>>> print(open('entry_28.txt').read())   # compact mmCIF, C-alpha atoms
# COMPACT_ATOMS: atom_id res chain seq x y z
CA MET N 7 71.85 187.81 298.44
CA GLY N 8 69.01 186.69 300.70
CA LYS N 9 65.61 186.23 299.09
CA SER N 10 63.81 188.39 301.65
CA ARG N 11 65.75 191.60 300.98
CA PRO N 12 63.46 194.48 300.02
CA LEU N 13 63.67 195.49 296.36
CA SER N 14 62.90 198.82 294.72
CA PRO N 15 60.50 200.51 294.03
CA HIS N 16 59.99 201.38 297.72
CA LEU N 17 56.66 203.13 297.24
CA THR N 18 55.07 202.04 300.53
CA VAL N 19 57.84 202.12 303.14
CA TYR N 20 58.58 205.85 303.28
CA ARG N 21 56.48 208.72 304.59
CA PRO N 22 55.19 210.65 301.56
CA LEU N 23 57.32 213.73 300.84
CA ILE N 24 57.36 216.17 297.92
CA GLY N 25 60.92 215.05 297.09
CA SER N 26 59.95 211.40 296.68
CA TYR N 27 56.71 212.26 294.86
CA THR N 28 58.49 214.44 292.27
CA SER N 29 61.09 211.69 291.77
CA ILE N 30 58.39 209.04 291.24
CA LEU N 31 56.41 211.37 288.96
CA HIS N 32 59.61 212.17 286.99
CA ARG N 33 60.18 208.46 286.37
CA ALA N 34 56.53 207.76 285.58
CA SER N 35 56.36 210.72 283.19
CA SER N 36 59.49 209.55 281.36
CA ALA N 37 57.81 206.18 280.78
CA ALA N 38 54.60 207.89 279.63
CA LEU N 39 56.59 210.13 277.26
CA LEU N 40 58.26 207.09 275.70
CA GLY N 41 54.71 205.88 274.97
CA GLY N 42 54.04 209.31 273.48
CA LEU N 43 57.08 208.97 271.20
CA VAL N 44 55.69 205.62 269.95
CA PHE N 45 52.52 207.48 268.89
CA MET N 46 54.56 210.35 267.44
CA ALA N 47 56.55 207.91 265.27
CA ALA N 48 53.27 206.25 264.24
CA TRP N 49 51.85 209.67 263.29
CA LEU N 50 54.94 210.54 261.20
CA LEU N 51 54.65 207.14 259.47
CA ALA N 52 50.95 207.86 258.86
CA VAL N 53 51.78 211.26 257.35
CA ALA N 54 54.30 209.59 255.01
CA GLN N 55 51.98 206.73 254.04
CA GLY N 56 48.57 208.42 254.17
CA GLY N 57 45.57 206.13 254.00
CA ALA N 58 43.92 204.23 256.84
CA LEU N 59 46.61 204.77 259.50
CA PHE N 60 46.31 208.57 259.17
CA ASP N 61 42.50 208.38 259.39
CA VAL N 62 42.64 206.13 262.48
CA LEU N 63 45.10 208.45 264.27
CA SER N 64 43.14 211.59 263.28
CA ALA N 65 39.98 209.98 264.68
CA LEU N 66 41.89 209.10 267.87
CA TRP N 67 43.12 212.70 268.43
CA GLY N 68 39.58 213.93 267.78
CA SER N 69 38.10 211.62 270.43
CA VAL N 70 37.93 212.12 274.20
CA VAL N 71 40.40 209.26 274.82
CA GLY N 72 42.93 210.82 272.43
CA LYS N 73 42.46 214.27 273.99
CA VAL N 74 43.07 212.80 277.47
CA MET N 75 46.25 211.10 276.18
CA LEU N 76 47.49 214.37 274.62
CA PHE N 77 46.61 216.29 277.80
CA GLY N 78 48.57 213.76 279.89
CA TRP N 79 51.60 213.94 277.58
CA THR N 80 51.49 217.76 277.72
CA PHE N 81 51.70 217.64 281.52
CA CYS N 82 54.42 214.97 281.45
CA ALA N 83 56.49 217.01 278.97
CA PHE N 84 56.24 220.19 281.07
CA PHE N 85 57.00 218.27 284.26
CA TYR N 86 59.91 216.41 282.64
CA ALA N 87 61.39 219.75 281.51
CA ALA N 88 60.86 221.26 284.98
CA GLN N 89 62.55 218.28 286.63
CA TRP N 90 65.55 218.53 284.30
CA ILE N 91 65.88 222.24 285.15
CA ARG N 92 65.94 221.24 288.85
CA HIS N 93 68.54 218.57 288.05
CA PHE N 94 70.73 221.08 286.15
CA ALA N 95 70.70 223.30 289.25
CA TRP N 96 71.50 220.33 291.52
CA ASP N 97 74.36 219.26 289.20
CA LEU N 98 75.85 222.74 289.68
CA GLY N 99 75.44 222.42 293.45
CA TYR N 100 72.44 224.73 293.89
CA GLY N 101 69.01 224.09 295.42
CA PHE N 102 69.87 221.33 297.88
CA GLU N 103 68.72 223.26 300.97
CA LEU N 104 65.59 221.49 302.28
CA ASP N 105 63.34 224.55 301.99
CA THR N 106 64.58 225.32 298.47
CA ALA N 107 64.26 221.68 297.33
CA ARG N 108 60.70 221.48 298.69
CA LEU N 109 59.77 224.82 297.12
CA THR N 110 61.14 223.89 293.66
CA GLY N 111 59.35 220.52 293.91
CA HIS N 112 56.00 222.21 294.55
CA LEU N 113 56.79 224.77 291.83
CA ALA N 114 57.58 221.99 289.33
CA VAL N 115 54.22 220.27 289.92
CA ALA N 116 52.13 223.46 290.12
CA GLY N 117 53.96 225.16 287.23
CA SER N 118 53.59 222.15 284.91
CA ALA N 119 49.90 221.83 285.80
CA ALA N 120 49.33 225.55 285.16
CA ALA N 121 51.25 225.47 281.85
CA THR N 122 49.28 222.40 280.73
CA VAL N 123 45.94 224.06 281.51
CA LEU N 124 47.04 227.25 279.67
CA VAL N 125 48.06 225.28 276.56
CA TRP N 126 44.75 223.42 276.50
CA LEU N 127 42.72 226.58 277.14
CA TYR N 128 44.49 228.06 274.08
CA ILE N 129 43.68 224.92 272.05
CA ALA N 130 40.03 225.03 273.20
CA MET N 131 39.82 228.72 272.26
CA ARG N 132 41.32 228.16 268.79
CA ALA N 133 39.18 225.10 268.11
CA GLY N 134 35.95 226.54 269.53
CA MET S 1 93.89 184.22 289.93
CA THR S 2 92.07 187.28 291.20
CA GLN S 3 94.90 188.22 293.55
CA PHE S 4 97.04 189.09 290.51
CA ARG S 5 94.53 191.67 289.32
CA SER S 6 94.87 195.27 290.49
CA ALA S 7 92.05 196.94 292.42
CA ARG S 8 91.46 199.17 289.40
CA SER S 9 91.08 196.25 287.00
CA LEU S 10 88.65 194.52 289.41
CA ALA S 11 86.56 197.69 289.60
CA HIS S 12 86.54 197.90 285.80
CA GLY S 13 85.04 194.42 285.58
CA ALA S 14 82.45 195.09 288.26
CA GLY S 15 80.19 197.54 286.49
CA ALA S 16 80.03 200.92 284.87
CA ALA S 17 83.52 202.05 285.93
CA GLY S 18 84.88 204.45 283.36
CA ALA S 19 81.58 204.82 281.50
CA GLY S 20 79.26 206.34 284.13
CA THR S 21 80.12 209.98 283.50
CA GLY S 22 79.46 209.47 279.79
CA ALA S 23 75.85 208.44 280.46
CA PHE S 24 75.50 211.27 283.00
CA PHE S 25 76.80 213.82 280.48
CA TRP S 26 74.62 212.62 277.57
CA GLU S 27 71.48 212.41 279.74
CA ARG S 28 71.91 216.06 280.64
CA LEU S 29 72.98 217.31 277.21
CA THR S 30 70.05 215.60 275.43
CA ALA S 31 67.63 216.77 278.15
CA ALA S 32 68.80 220.39 277.74
CA ALA S 33 68.39 220.12 273.96
CA LEU S 34 64.91 218.61 274.37
CA VAL S 35 63.77 221.41 276.70
CA VAL S 36 64.66 223.97 273.99
CA LEU S 37 63.57 221.94 270.91
CA GLY S 38 60.40 220.77 272.69
CA ALA S 39 59.38 224.37 273.44
CA VAL S 40 59.83 225.33 269.76
CA LEU S 41 57.98 222.19 268.65
CA LEU S 42 55.07 222.96 271.00
CA VAL S 43 54.73 226.50 269.58
CA GLN S 44 54.89 225.07 266.02
CA LEU S 45 52.20 222.49 266.79
CA LEU S 46 49.95 225.12 268.40
CA CYS S 47 50.35 227.39 265.37
CA LEU S 48 49.75 224.49 262.95
CA SER S 49 46.26 223.73 264.14
CA ALA S 50 44.31 223.24 267.31
CA GLY S 51 41.41 221.35 265.79
CA GLY S 52 43.23 218.62 263.85
CA VAL S 53 45.02 218.70 260.50
CA THR S 54 44.31 217.25 257.08
CA LEU S 55 46.87 214.97 255.44
CA VAL S 56 47.80 217.76 253.00
CA GLU S 57 48.41 220.24 255.85
CA ALA S 58 50.38 217.65 257.83
CA ARG S 59 52.59 216.84 254.81
CA ALA S 60 53.27 220.51 254.10
CA TRP S 61 54.29 221.00 257.74
CA VAL S 62 56.57 217.93 257.85
CA ALA S 63 58.12 218.80 254.45
CA ALA S 64 58.94 222.43 255.36
CA PRO S 65 62.68 222.84 256.12
CA PHE S 66 62.32 224.41 259.57
CA SER S 67 59.57 222.23 260.99
CA GLY S 68 60.86 219.07 259.26
CA GLY S 69 64.41 219.69 260.46
CA LEU S 70 63.05 220.39 263.94
CA LEU S 71 61.12 217.10 263.88
CA LEU S 72 64.24 215.14 262.83
CA LEU S 73 66.43 216.73 265.50
CA PHE S 74 63.78 216.43 268.19
CA PHE S 75 63.04 212.79 267.44
CA LEU S 76 66.67 211.66 267.22
CA ILE S 77 67.64 213.42 270.46
CA ALA S 78 64.43 212.22 272.16
CA MET S 79 65.35 208.62 271.24
CA ILE S 80 68.85 208.95 272.74
CA ASN S 81 67.34 210.52 275.88
CA ALA S 82 64.56 207.90 276.04
CA TYR S 83 67.12 205.10 275.80
CA LEU S 84 69.43 206.55 278.48
CA CYS S 85 66.60 207.42 280.89
CA SER S 86 64.37 204.34 280.46
CA ARG S 87 67.52 202.26 280.92
CA VAL S 88 67.71 203.56 284.49
CA LEU S 89 64.13 202.43 285.16
CA ILE S 90 64.88 198.92 283.87
CA GLU S 91 68.16 198.72 285.81
CA ASP S 92 66.33 199.78 289.00
CA TYR S 93 63.10 197.78 288.76
CA VAL S 94 63.65 194.62 286.69
CA HIS S 95 65.38 192.44 289.26
CA VAL S 96 65.68 189.06 287.45
CA PRO S 97 69.05 189.22 285.63
CA ALA S 98 67.87 187.46 282.45
CA LEU S 99 64.74 189.64 282.21
CA ASN S 100 66.84 192.72 282.93
CA LEU S 101 69.13 191.97 279.97
CA LEU S 102 66.15 191.15 277.73
CA ALA S 103 64.39 194.38 278.73
CA LEU S 104 67.55 196.43 278.03
CA ILE S 105 67.93 194.83 274.59
CA GLY S 106 64.21 195.36 273.97
CA LEU S 107 64.54 199.03 274.88
CA LEU S 108 67.49 199.43 272.49
CA VAL S 109 65.51 197.75 269.68
CA LEU S 110 62.45 199.90 270.43
CA THR S 111 64.30 203.22 270.48
CA VAL S 112 66.47 202.49 267.42
CA GLY S 113 63.42 201.13 265.57
CA LEU S 114 61.22 204.12 266.42
CA GLY S 115 64.02 206.47 265.43
CA ALA S 116 64.43 204.71 262.08
CA VAL S 117 60.67 204.76 261.34
CA ALA S 118 60.34 208.44 262.25
CA VAL S 119 63.44 209.61 260.35
CA VAL S 120 62.64 207.62 257.19
CA SER S 121 59.02 208.87 257.31
CA VAL S 122 60.04 212.53 257.62
CA LEU S 123 62.66 212.20 254.84
CA ARG S 124 60.11 210.42 252.63
CA VAL S 125 57.63 213.28 253.04
CA MET S 126 60.43 215.83 252.42
CA PHE S 127 61.98 214.27 249.33
CA GLY S 128 60.11 211.32 247.93
CA GLN S 129 56.35 211.54 247.61
>>> encode(input="entry_28.txt", output="structure tokens")
Amino acid sequence: MGKSRPLSPHLTVYRPLIGSYTSILHRASSAALLGGLVFMAAWLLAVAQGGALFDVLSALWGSVVGKVMLFGWTFCAFFYAAQWIRHFAWDLGYGFELDTARLTGHLAVAGSAAATVLVWLYIAMRAG
Amino acid sequence: MTQFRSARSLAHGAGAAGAGTGAFFWERLTAAALVVLGAVLLVQLLCLSAGGVTLVEARAWVAAPFSGGLLLLFFLIAMINAYLCSRVLIEDYVHVPALNLLALIGLLVLTVGLGAVAVVSVLRVMFGQ
């Protein structure tokens, strides 16, 4: 293999399209969700142990930084689910037509954003 | 010696031959389970509290059979899915062979470790305070 061969990720060489953006966002959200699972395991450990770890995590979720993290994970989770639903359809052979694939891509992004906002409006209403 | 090996046996040595559909199947099965379990977990979390929980409330929620069982199932399946899916990212983007292998081992250690911590913590709250 020559040293000059281009290596993935090819983020800069293609014209931006909804198909590539949803694929990149799917991969990025899976990495972000793995980070979320680290915090979820830490929270479960804190619940079992009590003490300082639980106080630190409670303070984090109460802060703006923690809220932004939770908001981001909410979007990633909705988007990840939406992408898997698209993948299930593709696995069965449906949704490959260009118009359909573009439409479901836009729906996945817009739907996850809308669902995330709804969840956090509900949280704001309950808390406030 | 290679000329004595069949095309099939060469293909078997070259990569994921014979195992690829297994990863494909488990990625999809765990993802489907997570879509359903995640939706139930989200509703549970929203009902639990929107403005934070005390340690006593958190323990009662984790110790309850439905929510505790849900947490165990969700976390175990999420770890399998996280391993299978993050694996693809490492295979695609970590190009130095030695680093690639190290990253894959690291991912396995991380997901198995997180799973162990989460499961033991939930069981501890359920049975052994």
>>> interface_residues(input="entry_28.txt", of="chain N", to="chain S", cutoff="6 Å", atoms="only C-alpha atoms", output="list in words")
Ala47, Leu50, Leu51, Ala54, Ala87, Ile129, Arg132 and Ala133 of chain N
>>> atom_distance(input="entry_28.txt", atom1="CA of Leu48 in chain S", atom2="CA of Ser67 in chain S")
10.3 Å
>>> residues_around(input="entry_28.txt", residues="Cys82 in chain N", least_positions_apart="6", cutoff="12 Å", atoms="all atoms listed in the file", output="list of chain:residue names")
N:Thr28, N:Leu31, N:His32, N:Arg33, N:Ala34, N:Ser35, N:Ser36, N:Ala37, N:Ala38, N:Leu39, N:Leu40, N:Gly41, N:Gly42, N:Met75, N:Leu76, N:Ala88, N:Gln89, N:Ala114, N:Val115, N:Gly117, N:Ser118, N:Ala119, N:Ala121, N:Thr122
>>> closest_residue(input="entry_28.txt", among="N:Ala65, N:Leu17, N:Ala107, N:Phe81", to="Ala120 in chain N", atoms="all atoms listed in the file")
N:Phe81
>>> atom_distance(input="entry_28.txt", atom1="CA of Leu84 in chain S", atom2="CA of Ile30 in chain N")
17.1 Å
>>> atom_distance(input="entry_28.txt", atom1="CA of Arg87 in chain S", atom2="CA of Leu107 in chain S")
7.5 Å
>>> residues_around(input="entry_28.txt", residues="range 18-23 of chain N", least_positions_apart="5", cutoff="12 Å", atoms="all atoms listed in the file", output="mmCIF file with C-alpha atoms, keeping the file's coordinate frame")
data_model
loop_
_atom_site.group_PDB
_atom_site.id
_atom_site.type_symbol
_atom_site.label_atom_id
_atom_site.label_comp_id
_atom_site.auth_asym_id
_atom_site.auth_seq_id
_atom_site.Cartn_x
_atom_site.Cartn_y
_atom_site.Cartn_z
ATOM 1 C CA PRO N 12 63.460 194.480 300.020
ATOM 2 C CA LEU N 13 63.670 195.490 296.360
ATOM 3 C CA THR N 28 58.490 214.440 292.270
ATOM 4 C CA SER N 29 61.090 211.690 291.770
ATOM 5 C CA ILE N 30 58.390 209.040 291.240
ATOM 6 C CA LEU N 104 65.590 221.490 302.280
ATOM 7 C CA ALA N 107 64.260 221.680 297.330
ATOM 8 C CA ARG N 108 60.700 221.480 298.690
ATOM 9 C CA LEU N 109 59.770 224.820 297.120
ATOM 10 C CA GLY N 111 59.350 220.520 293.910
ATOM 11 C CA HIS N 112 56.000 222.210 294.550
#
